[in-house]
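Comments concern the structure below.
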Amino acid sequence: MDQALSQLCETVRAASESRTPLLIRAGGTKDFYGNTAEGTLLDPRRVAGIVDYEPTELVVTARAGTSLSELEQLLTENGQMLAFEPPHFGANATIGGCIAAGLSGPRRVSFGPTYGGVRDFVLGARLVDGRGELLSFGGTVMKNVAGYDVSRLLAGSMGILGVIAEVSIKVLPRPISHHTLCFEMPEVAAVYKLNEWAGRPLPLSASVWYDGALYLRLAGASAAVSAARLQLGGEDFDNRQADAFWTSIREQTHPFFDGDAPLWRISVPSTAPVLSIDEPSLIEWNGSLRWLRTNRSAEQVRECARQAGGHATLFRGGDRSAGAFTPLTPPIAAIHRRLKTQFDPANIFNRGRLYPDL
Amino acid sequence: MRRAYEGAGAAGRRTRQSFMIRAMDSATPAPSSPAERSLPVDAIRQRSLVAALRAFLPEDAVLFREEDTRPYECDGLTLFRQLPMIVALPETEDQIRRILRLCHEHKVPVVPRGAGTGLSGSALPHHAGLLLSLAKLNRILSIDARARTATVQPGVRNLAISEAAARHRLYYAPDPSSQIACTIGGNVAENSGGVHCLKYGLTVHNVLRVRGLTSDGEPVEFGGLAPDAPGLDLLALVVGSEGMLAVVTEVTVRLVPVAQTARCIMASFADIGEAGDAVAALIADGIIPAGLEMLDQAASRLVEPFANAGYDLDAAAVLLCESDGTPEEVAEEIERMSAVLLAARATRIQVSNSEAERLRFWAGRKNAFPAAGRASPAYYCMDGTIPRRRLGEVLKAIQALEPKYRLRCPNVFHAGDGNLHPLILFDDADPDSVARAEAFGAEILELCVQMGGTVTGEHGVGVEKLDQMCSQFGRPTLDAFLAVKGAFDPAGLLNPGKVIPTLHRCAEYGRMRVHGGKIRFPELPRF
Ligand SMILES: Cc1cc2nc3c(=O)[nH]c(=O)nc-3n(C[C@H](O)[C@H](O)[C@H](O)COP(=O)(O)OP(=O)(O)OC[C@H]3O[C@@H](n4cnc5c(N)ncnc54)[C@H](O)[C@@H]3O)c2cc1C
Ligand SMILES: Cc1cc2nc3c(=O)[nH]c(=O)nc-3n(C[C@H](O)[C@H](O)[C@H](O)COP(=O)(O)OP(=O)(O)OC[C@H]3O[C@@H](n4cnc5c(N)ncnc54)[C@H](O)[C@@H]3O)c2cc1C
């Protein structure tokens, strides 16, 4: 174990003995996300660097503090990418924070091998648990069923189980060809069409509906993209403009995300009808992700999401007293508490960041 | 042990279905070593539990006489056998809940079971436990073609989902070779894979939601139809948990559209290392084939007389490389793949020109196991995964071990994922041959770990690979697995004794490997 890593374990061990709460914070680009946690700052960024990258293995192993842009740059140079297209939300984003937050971008709902969110691409991880012990889970190979899949569990764990020290992630070739189409249509029609298209073998790579327009990104073999363009019609979008557009969606710099109205992230089954709260919204992931700008109370928004068969997260702004995340059912909450106690017996990591009692 | 895979040799003569049934109810008593570990059943405890179960289950849903429980004594890994105290065959979730409550109250271990095709003994019964068969919960509850999902009971067969979805031009992508028999509950428990998984993902990537019961009978739901269910991703833990965290009672899977067309390239290589490099070259070129499978020379020679697939028997390795999509897309990809394969020193390539020809190419791969069963009294299938770049090296190392154990070991495997299936051919009537096969298998798994891989890519740890878990993981990680187990099942009653080796077991295994004192073949050199 190198020095940065053993120091990290030592810091955690000491905190555990003195029961000092720790707040894991790397780039701080996602401070806005989740509930507020308190504790002594623990910056894991000294544990950084690419450990192993062999493009033909489709795997990259990196220390958690590695900058996300640096990692993506390296992959781009080799014609590869993180298929889940993670948002950075700032120049300082790290791969550890990206995994811990578990947020995926537009390509999450795509066709073929690129389908999936952060958890779908995590192959292995090293974790410093609440005793300061370094644990290794999973590995660097594509298929691995030896033991429980704790590495995937870390995706979206918001740092409550431990400090992610290293991750191995499956990467994929960048598509040879991509193209964005634009259609004018109301929300109901867009959700209908998206679900219809997703049921056909089309090279869909991302979708957004906003303000009467549906944007569809196609990506894959050139022949597949051109065939789909012919089949689908719509207006062509200039490729450079299109790249900027998808980045603005991923990074939430699109005008929809401007202003102070609280931003809610509503997850629903893709075929869910138009939400009962009639306020500005933007739709992604073939209809399964609906962003909503509203000042309604958490109870109202959560009830609206529940009616649509999903759940709601207060993503930015607003009043967090009701919690950023939808409350868990009692048996699931009980499993959460036991997992937390097992991994972090002194309850030092990111107290309250995910749920008040974790 | 009778045969590692009871009836495998007959698979070619009977239908596959009958092979599966045979594998499940192999009633032959097990004369040799591992089976002797099996323990007797406590008759008094058995009687009182049977009575309690019959209060809410029909008579034929509670089995306890030896002739009735015998068919459940093993799964697809017949090396290990154990009679359960009781077998319960519930038909509803409510019955399962009551069974679990009762067992929880009386501290009776529960082992869930689907079709019993598992290859690692993870459905091996517990001598003082109840074997919970989910086979009667076999209804497809709904197919939502617009949302592209199917919601099914745990005992539904993998292939039945794709068959039911076919009229919507959709299918369930993970396709284990056992798909005609294995259940979705078993697939979830093992995170099963198949040829299509390279491109379309494993079980974990294709299951959206699992409903289940914890060991004390509490209903729980993991994941959901809406993405990113709140809280920790417990679904990721449940998939691949080998029936140790919850009993799966309902599963919603994602369906994907059926490709318009598919074509396959059959490529020959003069050297197994070059074939391994060709796999890497395809990936490096940015191609993710719809299937990428390899047979070494021993394997193609084994299957060719049986399958007439047209394999090049002079080649050191045959690679099957498939493309699917629109006709234009497939044409483009086949051209690219052919160029890469030729540049990677393929000595011959042949592209399927019709669906019949494509199926013929696959026929050999598909029949490799039955062919192995015909060529040898028995065979033992390993399941390690290694980094792709080490394929050639590992295959050569396995070949080099053949004389050491005096056994043949053809290889047929998921090359695209680096998931090996070495088939150790042995004679199950000869205890020495059996012991050599076991030792050979263990050494292959150790080799996979040393190469930076894993002891199991898709068949699970079960009871078979408990020792190798000690090599692959340090004690802190194994303890973390125990912690996960404890968080879901504090009483430790769900499928106990599988997957996670005890401290004592690892110490014993370590001693054996280090000091060699207890090695069964002291004359054989070890790593
Ligand atoms: C000929 C053959 C070919 C095979 N090919 C492949 C292959 O290509 N790829 C592959 O991955 N595997 C393959 N396998 C292995 C096996 O088919 C898979 O592991 C399969 O998923 C097991 O399903 P099953 O229903 O038979 O489960 P079982 O063997 O009955 O059980 C397997 C595990 O699942 C648990 N389980 C079963 N049902 C439930 C439930 N409802 N809730 C909780 N736990 C449950 C059991 O406790 C056990 O731990 C093959 C096996 C054979 C015999
Ligand atoms: C005891 C035993 C254990 C076995 N264990 C394993 C195992 O662990 N892993 C394993 O892979 N096989 C295993 N097999 C081989 C497997 O059982 C055979 O493939 C099976 O007998 C054929 O069943 P099927 O016709 O349903 O084939 P399928 O399931 O249709 O085909 C077998 C595999 O090849 C793929 N395939 C078939 N046709 C095509 C095609 N046209 N295009 C693309 N892909 C195609 C399928 O996706 C599938 O994964 C085992 C066989 C036996 C007898």
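Chain labels follow the order of the structure tokens: the first chain is A, the next B, and so on; residue numbering restarts at 1 in every chain, and ligands are counted from 1 in their shown order.
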
Could you give me, as JSON lines, every chain B residue with an atom at most 6 Å from ligand 1, plus its closest atom pair and distance in Å to one decimal, counting only C-alpha atoms and all ligand atoms, rows ordered by chain then number?
```
{"residue": "B:Asp75", "atom": "CA", "partner": "ligand 1", "partner_atom_place_in_ligand_line": "29 (O)", "distance": 5.5}
{"residue": "B:Gly76", "atom": "CA", "partner": "ligand 1", "partner_atom_place_in_ligand_line": "53 (C)", "distance": 5.2}
{"residue": "B:Val111", "atom": "CA", "partner": "ligand 1", "partner_atom_place_in_ligand_line": "47 (O)", "distance": 5.4}
{"residue": "B:Pro112", "atom": "CA", "partner": "ligand 1", "partner_atom_place_in_ligand_line": "47 (O)", "distance": 3.9}
{"residue": "B:Arg113", "atom": "CA", "partner": "ligand 1", "partner_atom_place_in_ligand_line": "30 (O)", "distance": 3.8}
{"residue": "B:Gly114", "atom": "CA", "partner": "ligand 1", "partner_atom_place_in_ligand_line": "30 (O)", "distance": 3.4}
{"residue": "B:Ala115", "atom": "CA", "partner": "ligand 1", "partner_atom_place_in_ligand_line": "26 (O)", "distance": 3.6}
{"residue": "B:Gly116", "atom": "CA", "partner": "ligand 1", "partner_atom_place_in_ligand_line": "30 (O)", "distance": 3.3}
{"residue": "B:Thr117", "atom": "CA", "partner": "ligand 1", "partner_atom_place_in_ligand_line": "26 (O)", "distance": 3.5}
{"residue": "B:Gly118", "atom": "CA", "partner": "ligand 1", "partner_atom_place_in_ligand_line": "29 (O)", "distance": 3.3}
{"residue": "B:Leu119", "atom": "CA", "partner": "ligand 1", "partner_atom_place_in_ligand_line": "15 (C)", "distance": 5.1}
{"residue": "B:Ser122", "atom": "CA", "partner": "ligand 1", "partner_atom_place_in_ligand_line": "49 (O)", "distance": 4.0}
{"residue": "B:Ala123", "atom": "CA", "partner": "ligand 1", "partner_atom_place_in_ligand_line": "48 (C)", "distance": 4.0}
{"residue": "B:Leu134", "atom": "CA", "partner": "ligand 1", "partner_atom_place_in_ligand_line": "41 (N)", "distance": 5.6}
{"residue": "B:Pro154", "atom": "CA", "partner": "ligand 1", "partner_atom_place_in_ligand_line": "41 (N)", "distance": 4.8}
{"residue": "B:Pro176", "atom": "CA", "partner": "ligand 1", "partner_atom_place_in_ligand_line": "8 (O)", "distance": 3.4}
{"residue": "B:Ser177", "atom": "CA", "partner": "ligand 1", "partner_atom_place_in_ligand_line": "8 (O)", "distance": 3.9}
{"residue": "B:Ser178", "atom": "CA", "partner": "ligand 1", "partner_atom_place_in_ligand_line": "3 (C)", "distance": 4.0}
{"residue": "B:Cys182", "atom": "CA", "partner": "ligand 1", "partner_atom_place_in_ligand_line": "25 (O)", "distance": 3.9}
{"residue": "B:Thr183", "atom": "CA", "partner": "ligand 1", "partner_atom_place_in_ligand_line": "25 (O)", "distance": 3.6}
{"residue": "B:Gly185", "atom": "CA", "partner": "ligand 1", "partner_atom_place_in_ligand_line": "41 (N)", "distance": 4.0}
{"residue": "B:Gly186", "atom": "CA", "partner": "ligand 1", "partner_atom_place_in_ligand_line": "27 (O)", "distance": 3.5}
{"residue": "B:Asn187", "atom": "CA", "partner": "ligand 1", "partner_atom_place_in_ligand_line": "21 (O)", "distance": 3.4}
{"residue": "B:Ala189", "atom": "CA", "partner": "ligand 1", "partner_atom_place_in_ligand_line": "34 (O)", "distance": 4.4}
{"residue": "B:Glu190", "atom": "CA", "partner": "ligand 1", "partner_atom_place_in_ligand_line": "19 (O)", "distance": 5.3}
{"residue": "B:Ser192", "atom": "CA", "partner": "ligand 1", "partner_atom_place_in_ligand_line": "11 (O)", "distance": 3.4}
{"residue": "B:Gly193", "atom": "CA", "partner": "ligand 1", "partner_atom_place_in_ligand_line": "11 (O)", "distance": 4.0}
{"residue": "B:Gly194", "atom": "CA", "partner": "ligand 1", "partner_atom_place_in_ligand_line": "8 (O)", "distance": 4.7}
{"residue": "B:Glu242", "atom": "CA", "partner": "ligand 1", "partner_atom_place_in_ligand_line": "49 (O)", "distance": 3.7}
{"residue": "B:Gly243", "atom": "CA", "partner": "ligand 1", "partner_atom_place_in_ligand_line": "44 (N)", "distance": 3.3}
{"residue": "B:Ala246", "atom": "CA", "partner": "ligand 1", "partner_atom_place_in_ligand_line": "43 (C)", "distance": 5.9}
{"residue": "B:Val247", "atom": "CA", "partner": "ligand 1", "partner_atom_place_in_ligand_line": "42 (N)", "distance": 3.8}
{"residue": "B:Val248", "atom": "CA", "partner": "ligand 1", "partner_atom_place_in_ligand_line": "42 (N)", "distance": 3.7}
{"residue": "B:Thr249", "atom": "CA", "partner": "ligand 1", "partner_atom_place_in_ligand_line": "41 (N)", "distance": 5.8}
{"residue": "B:Glu458", "atom": "CA", "partner": "ligand 1", "partner_atom_place_in_ligand_line": "11 (O)", "distance": 4.3}
{"residue": "B:His459", "atom": "CA", "partner": "ligand 1", "partner_atom_place_in_ligand_line": "19 (O)", "distance": 5.1}
```

>> Residues of chain A within 7 Å of chain B, counting only C-alpha atoms, what are they? List them as JSON, numbers by chain.
In response: {"A": [55, 56, 57, 112, 113, 120, 135, 136, 141, 142, 143, 144, 145, 146, 147, 148, 149, 150, 152, 153, 156, 157, 173, 195, 196, 199, 200, 201, 221, 223, 224, 267, 268, 269, 270, 271, 288, 310, 325, 326, 331, 332, 335, 338, 339, 342]}

> DSSP on the backbone: what in segment 64-211 of chain A comes out strand (DSSP E), as a ChimeraX atom specification?
Replying inline: /A:80-81,122-128,134-138,163-170,172-173,177-184,204-210

Quick one: write out the picked residues with C-alpha atoms as an mmCIF file, in the first residue's frame?
```cif
data_model
loop_
_atom_site.group_PDB
_atom_site.id
_atom_site.type_symbol
_atom_site.label_atom_id
_atom_site.label_comp_id
_atom_site.auth_asym_id
_atom_site.auth_seq_id
_atom_site.Cartn_x
_atom_site.Cartn_y
_atom_site.Cartn_z
ATOM 1 C CA GLN A 80 -13.004 5.232 -25.826
ATOM 2 C CA MET A 81 -15.394 6.741 -23.309
ATOM 3 C CA VAL A 122 -18.483 -0.490 -12.176
ATOM 4 C CA LEU A 123 -16.423 -3.702 -12.172
ATOM 5 C CA GLY A 124 -14.413 -3.378 -9.015
ATOM 6 C CA ALA A 125 -13.571 -1.060 -6.160
ATOM 7 C CA ARG A 126 -11.327 -0.609 -3.174
ATOM 8 C CA LEU A 127 -12.989 0.918 -0.165
ATOM 9 C CA VAL A 128 -11.686 2.200 3.144
ATOM 10 C CA LEU A 134 -8.924 -1.403 2.973
ATOM 11 C CA LEU A 135 -11.389 -3.765 1.285
ATOM 12 C CA SER A 136 -11.275 -4.987 -2.337
ATOM 13 C CA PHE A 137 -14.406 -5.933 -4.215
ATOM 14 C CA GLY A 138 -15.007 -7.235 -7.718
ATOM 15 C CA VAL A 163 -14.109 6.240 1.311
ATOM 16 C CA ILE A 164 -13.844 4.904 -2.227
ATOM 17 C CA ALA A 165 -10.107 4.586 -2.831
ATOM 18 C CA GLU A 166 -10.011 3.056 -6.280
ATOM 19 C CA VAL A 167 -12.429 1.948 -8.959
ATOM 20 C CA SER A 168 -12.273 -0.232 -12.036
ATOM 21 C CA ILE A 169 -14.715 0.818 -14.687
ATOM 22 C CA LYS A 170 -15.779 -0.786 -17.926
ATOM 23 C CA LEU A 172 -16.467 1.382 -24.389
ATOM 24 C CA PRO A 173 -15.385 2.456 -27.862
ATOM 25 C CA SER A 177 -20.830 8.067 -36.191
ATOM 26 C CA HIS A 178 -23.439 10.187 -34.449
ATOM 27 C CA HIS A 179 -26.183 12.513 -35.500
ATOM 28 C CA THR A 180 -28.901 14.549 -33.811
ATOM 29 C CA LEU A 181 -32.434 14.957 -35.125
ATOM 30 C CA CYS A 182 -35.030 17.453 -33.980
ATOM 31 C CA PHE A 183 -38.832 17.122 -34.136
ATOM 32 C CA GLU A 184 -41.507 19.592 -33.192
ATOM 33 C CA LEU A 204 -30.777 5.636 -30.107
ATOM 34 C CA SER A 205 -28.161 7.212 -27.886
ATOM 35 C CA ALA A 206 -29.992 10.035 -26.070
ATOM 36 C CA SER A 207 -33.234 11.963 -26.040
ATOM 37 C CA VAL A 208 -34.501 15.272 -24.686
ATOM 38 C CA TRP A 209 -37.901 16.881 -24.918
ATOM 39 C CA TYR A 210 -38.172 20.526 -23.976
#
```

> Hey, what's within 7 Å of Glu322 of chain B if we count only C-alpha atoms and toss same-chain stuff fewer than 2 positions away? As a PyMOL selection string, please?
Replying inline: chain B and resi 262-265+289-292+320+324

Please tabulate, as a tab-separated table, the residues of chain B that come within 7 Å of ligand 2, each with its closest pair of atoms and the distance in Å to one decimal, counting only C-alpha atoms and all ligand atoms and ordering rows by chain, then residue number upward.
```
residue	atom	partner	partner_atom_place_in_ligand_line	distance
B:Tyr5	CA	ligand 2	1 (C)	5.3
B:Ala8	CA	ligand 2	53 (C)	5.0
B:Ala11	CA	ligand 2	53 (C)	6.1
B:Arg16	CA	ligand 2	21 (O)	6.2
B:Asp175	CA	ligand 2	49 (O)	5.0
B:Pro176	CA	ligand 2	49 (O)	4.9
B:Ser177	CA	ligand 2	29 (O)	3.7
B:Ser178	CA	ligand 2	17 (O)	5.3
B:Gln179	CA	ligand 2	29 (O)	5.8
B:Ile180	CA	ligand 2	26 (O)	5.7
B:Gly194	CA	ligand 2	49 (O)	4.2
B:Val195	CA	ligand 2	49 (O)	4.2
B:His196	CA	ligand 2	47 (O)	5.5
B:Gly291	CA	ligand 2	43 (C)	5.8
B:Glu322	CA	ligand 2	43 (C)	6.6
B:Arg358	CA	ligand 2	41 (N)	6.0
B:Leu359	CA	ligand 2	41 (N)	4.8
B:Trp362	CA	ligand 2	38 (N)	5.2
B:Arg365	CA	ligand 2	34 (O)	6.5
B:Lys366	CA	ligand 2	19 (O)	3.4
B:Asn367	CA	ligand 2	18 (C)	5.3
B:Ala368	CA	ligand 2	15 (C)	6.1
B:Phe369	CA	ligand 2	51 (C)	4.1
B:Pro370	CA	ligand 2	53 (C)	4.6
B:Cys381	CA	ligand 2	5 (N)	6.7
B:Phe413	CA	ligand 2	11 (O)	6.6
B:His421	CA	ligand 2	8 (O)	6.6
B:His459	CA	ligand 2	8 (O)	6.9
```

Could you please take those selected residues and save N, CA and C atoms as a PDB file, in the first residue's frame?
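Wrote again_36.pdb, looks like this:
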```
ATOM      1  N   TYR B   5     -21.145 -34.276 -14.306  1.00  0.00           N
ATOM      2  CA  TYR B   5     -22.390 -33.850 -14.935  1.00  0.00           C
ATOM      3  C   TYR B   5     -23.155 -35.069 -15.342  1.00  0.00           C
ATOM      4  N   ALA B   8     -24.522 -36.095 -18.880  1.00  0.00           N
ATOM      5  CA  ALA B   8     -24.017 -35.221 -19.945  1.00  0.00           C
ATOM      6  C   ALA B   8     -23.740 -36.024 -21.207  1.00  0.00           C
ATOM      7  N   ALA B  11     -26.602 -36.475 -23.486  1.00  0.00           N
ATOM      8  CA  ALA B  11     -27.319 -35.303 -23.984  1.00  0.00           C
ATOM      9  C   ALA B  11     -27.517 -35.334 -25.488  1.00  0.00           C
ATOM     10  N   ARG B  16     -32.389 -32.368 -25.381  1.00  0.00           N
ATOM     11  CA  ARG B  16     -31.755 -31.552 -24.347  1.00  0.00           C
ATOM     12  C   ARG B  16     -32.642 -31.470 -23.115  1.00  0.00           C
ATOM     13  N   ASP B 175     -28.724 -14.939 -22.240  1.00  0.00           N
ATOM     14  CA  ASP B 175     -29.116 -16.239 -22.791  1.00  0.00           C
ATOM     15  C   ASP B 175     -28.171 -17.356 -22.366  1.00  0.00           C
ATOM     16  N   PRO B 176     -28.209 -17.750 -21.087  1.00  0.00           N
ATOM     17  CA  PRO B 176     -27.364 -18.876 -20.698  1.00  0.00           C
ATOM     18  C   PRO B 176     -27.687 -20.094 -21.558  1.00  0.00           C
ATOM     19  N   SER B 177     -26.695 -20.946 -21.785  1.00  0.00           N
ATOM     20  CA  SER B 177     -26.923 -22.119 -22.632  1.00  0.00           C
ATOM     21  C   SER B 177     -28.002 -23.019 -22.055  1.00  0.00           C
ATOM     22  N   SER B 178     -28.232 -22.888 -20.768  1.00  0.00           N
ATOM     23  CA  SER B 178     -29.244 -23.704 -20.097  1.00  0.00           C
ATOM     24  C   SER B 178     -30.617 -23.055 -20.186  1.00  0.00           C
ATOM     25  N   GLN B 179     -30.796 -22.080 -21.067  1.00  0.00           N
ATOM     26  CA  GLN B 179     -31.995 -21.244 -21.021  1.00  0.00           C
ATOM     27  C   GLN B 179     -33.311 -21.977 -21.233  1.00  0.00           C
ATOM     28  N   ILE B 180     -33.282 -23.160 -21.824  1.00  0.00           N
ATOM     29  CA  ILE B 180     -34.541 -23.896 -21.947  1.00  0.00           C
ATOM     30  C   ILE B 180     -35.020 -24.403 -20.588  1.00  0.00           C
ATOM     31  N   GLY B 194     -24.580 -15.205 -21.011  1.00  0.00           N
ATOM     32  CA  GLY B 194     -24.714 -16.020 -22.216  1.00  0.00           C
ATOM     33  C   GLY B 194     -23.965 -15.338 -23.341  1.00  0.00           C
ATOM     34  N   VAL B 195     -24.081 -15.893 -24.545  1.00  0.00           N
ATOM     35  CA  VAL B 195     -23.335 -15.342 -25.676  1.00  0.00           C
ATOM     36  C   VAL B 195     -23.693 -13.875 -25.949  1.00  0.00           C
ATOM     37  N   HIS B 196     -24.972 -13.527 -25.789  1.00  0.00           N
ATOM     38  CA  HIS B 196     -25.397 -12.163 -26.096  1.00  0.00           C
ATOM     39  C   HIS B 196     -24.939 -11.129 -25.074  1.00  0.00           C
ATOM     40  N   GLY B 291     -21.542 -11.553 -30.497  1.00  0.00           N
ATOM     41  CA  GLY B 291     -21.109 -12.804 -29.890  1.00  0.00           C
ATOM     42  C   GLY B 291     -19.658 -12.997 -30.297  1.00  0.00           C
ATOM     43  N   GLU B 322     -19.842 -12.669 -34.247  1.00  0.00           N
ATOM     44  CA  GLU B 322     -21.141 -12.354 -34.831  1.00  0.00           C
ATOM     45  C   GLU B 322     -21.445 -10.863 -34.820  1.00  0.00           C
ATOM     46  N   ARG B 358     -25.309 -19.673 -40.709  1.00  0.00           N
ATOM     47  CA  ARG B 358     -24.970 -19.066 -39.425  1.00  0.00           C
ATOM     48  C   ARG B 358     -25.261 -20.060 -38.287  1.00  0.00           C
ATOM     49  N   LEU B 359     -26.414 -20.693 -38.355  1.00  0.00           N
ATOM     50  CA  LEU B 359     -26.773 -21.649 -37.304  1.00  0.00           C
ATOM     51  C   LEU B 359     -25.825 -22.843 -37.298  1.00  0.00           C
ATOM     52  N   TRP B 362     -22.725 -22.023 -35.409  1.00  0.00           N
ATOM     53  CA  TRP B 362     -22.949 -22.059 -33.970  1.00  0.00           C
ATOM     54  C   TRP B 362     -23.198 -23.461 -33.442  1.00  0.00           C
ATOM     55  N   ARG B 365     -20.373 -24.886 -31.403  1.00  0.00           N
ATOM     56  CA  ARG B 365     -20.229 -24.248 -30.098  1.00  0.00           C
ATOM     57  C   ARG B 365     -21.328 -24.738 -29.158  1.00  0.00           C
ATOM     58  N   LYS B 366     -22.528 -24.807 -29.700  1.00  0.00           N
ATOM     59  CA  LYS B 366     -23.663 -25.197 -28.873  1.00  0.00           C
ATOM     60  C   LYS B 366     -23.585 -26.649 -28.418  1.00  0.00           C
ATOM     61  N   ASN B 367     -22.939 -27.460 -29.236  1.00  0.00           N
ATOM     62  CA  ASN B 367     -22.899 -28.885 -28.898  1.00  0.00           C
ATOM     63  C   ASN B 367     -21.609 -29.311 -28.227  1.00  0.00           C
ATOM     64  N   ALA B 368     -20.783 -28.340 -27.880  1.00  0.00           N
ATOM     65  CA  ALA B 368     -19.484 -28.689 -27.313  1.00  0.00           C
ATOM     66  C   ALA B 368     -19.623 -29.529 -26.047  1.00  0.00           C
ATOM     67  N   PHE B 369     -20.572 -29.165 -25.217  1.00  0.00           N
ATOM     68  CA  PHE B 369     -20.681 -29.862 -23.941  1.00  0.00           C
ATOM     69  C   PHE B 369     -21.223 -31.279 -24.115  1.00  0.00           C
ATOM     70  N   PRO B 370     -22.325 -31.405 -24.842  1.00  0.00           N
ATOM     71  CA  PRO B 370     -22.772 -32.769 -25.098  1.00  0.00           C
ATOM     72  C   PRO B 370     -21.687 -33.608 -25.778  1.00  0.00           C
ATOM     73  N   CYS B 381     -16.697 -28.854 -15.737  1.00  0.00           N
ATOM     74  CA  CYS B 381     -16.645 -27.555 -16.423  1.00  0.00           C
ATOM     75  C   CYS B 381     -16.195 -26.452 -15.477  1.00  0.00           C
ATOM     76  N   PHE B 413     -15.211 -21.300 -25.027  1.00  0.00           N
ATOM     77  CA  PHE B 413     -15.504 -20.231 -24.073  1.00  0.00           C
ATOM     78  C   PHE B 413     -15.919 -18.900 -24.682  1.00  0.00           C
ATOM     79  N   HIS B 421     -14.265 -21.703 -20.226  1.00  0.00           N
ATOM     80  CA  HIS B 421     -14.938 -22.915 -19.748  1.00  0.00           C
ATOM     81  C   HIS B 421     -14.081 -24.121 -20.100  1.00  0.00           C
ATOM     82  N   HIS B 459     -20.960 -18.965 -13.149  1.00  0.00           N
ATOM     83  CA  HIS B 459     -21.598 -20.135 -12.517  1.00  0.00           C
ATOM     84  C   HIS B 459     -21.742 -20.011 -11.010  1.00  0.00           C
TER      85      HIS B 459
END
```

Give me the segment 308-418 of chain B side of the contact with segment 430-450 of chain B, cut-off 12 Å, one line per residue showing its nearest atom pair and distance in Å at one decimal, counting only C-alpha atoms, sorted by chain and residue number, as JSON lines.
```
{"residue": "B:Ser376", "atom": "CA", "partner": "B:Ser433", "partner_atom": "CA", "distance": 11.9}
{"residue": "B:Pro377", "atom": "CA", "partner": "B:Asp430", "partner_atom": "CA", "distance": 10.2}
{"residue": "B:Ala378", "atom": "CA", "partner": "B:Val434", "partner_atom": "CA", "distance": 9.3}
{"residue": "B:Tyr379", "atom": "CA", "partner": "B:Ala437", "partner_atom": "CA", "distance": 8.4}
{"residue": "B:Tyr380", "atom": "CA", "partner": "B:Ala437", "partner_atom": "CA", "distance": 7.3}
{"residue": "B:Cys381", "atom": "CA", "partner": "B:Gly441", "partner_atom": "CA", "distance": 8.3}
{"residue": "B:Met382", "atom": "CA", "partner": "B:Gly441", "partner_atom": "CA", "distance": 6.6}
{"residue": "B:Asp383", "atom": "CA", "partner": "B:Leu445", "partner_atom": "CA", "distance": 8.0}
{"residue": "B:Gly384", "atom": "CA", "partner": "B:Cys448", "partner_atom": "CA", "distance": 6.0}
{"residue": "B:Thr385", "atom": "CA", "partner": "B:Cys448", "partner_atom": "CA", "distance": 6.6}
{"residue": "B:Ile386", "atom": "CA", "partner": "B:Cys448", "partner_atom": "CA", "distance": 5.8}
{"residue": "B:Pro387", "atom": "CA", "partner": "B:Cys448", "partner_atom": "CA", "distance": 9.0}
{"residue": "B:Arg388", "atom": "CA", "partner": "B:Cys448", "partner_atom": "CA", "distance": 11.4}
{"residue": "B:Arg390", "atom": "CA", "partner": "B:Cys448", "partner_atom": "CA", "distance": 9.7}
{"residue": "B:Leu391", "atom": "CA", "partner": "B:Cys448", "partner_atom": "CA", "distance": 10.2}
{"residue": "B:Glu393", "atom": "CA", "partner": "B:Leu447", "partner_atom": "CA", "distance": 10.6}
{"residue": "B:Val394", "atom": "CA", "partner": "B:Leu447", "partner_atom": "CA", "distance": 7.7}
{"residue": "B:Leu395", "atom": "CA", "partner": "B:Ile444", "partner_atom": "CA", "distance": 9.9}
{"residue": "B:Lys396", "atom": "CA", "partner": "B:Ile444", "partner_atom": "CA", "distance": 11.6}
{"residue": "B:Ala397", "atom": "CA", "partner": "B:Leu447", "partner_atom": "CA", "distance": 8.6}
{"residue": "B:Ile398", "atom": "CA", "partner": "B:Ile444", "partner_atom": "CA", "distance": 6.9}
{"residue": "B:Gln399", "atom": "CA", "partner": "B:Ile444", "partner_atom": "CA", "distance": 10.6}
{"residue": "B:Ala400", "atom": "CA", "partner": "B:Ile444", "partner_atom": "CA", "distance": 11.2}
{"residue": "B:Leu401", "atom": "CA", "partner": "B:Phe440", "partner_atom": "CA", "distance": 7.7}
{"residue": "B:Glu402", "atom": "CA", "partner": "B:Phe440", "partner_atom": "CA", "distance": 8.3}
{"residue": "B:Pro403", "atom": "CA", "partner": "B:Phe440", "partner_atom": "CA", "distance": 10.6}
{"residue": "B:Lys404", "atom": "CA", "partner": "B:Phe440", "partner_atom": "CA", "distance": 8.7}
{"residue": "B:Tyr405", "atom": "CA", "partner": "B:Arg436", "partner_atom": "CA", "distance": 5.8}
{"residue": "B:Arg406", "atom": "CA", "partner": "B:Arg436", "partner_atom": "CA", "distance": 8.0}
{"residue": "B:Leu407", "atom": "CA", "partner": "B:Ala437", "partner_atom": "CA", "distance": 7.3}
{"residue": "B:Arg408", "atom": "CA", "partner": "B:Ala437", "partner_atom": "CA", "distance": 9.6}
{"residue": "B:Cys409", "atom": "CA", "partner": "B:Phe440", "partner_atom": "CA", "distance": 9.4}
{"residue": "B:Asn411", "atom": "CA", "partner": "B:Ile444", "partner_atom": "CA", "distance": 11.9}
{"residue": "B:Gly418", "atom": "CA", "partner": "B:Cys448", "partner_atom": "CA", "distance": 10.4}
```
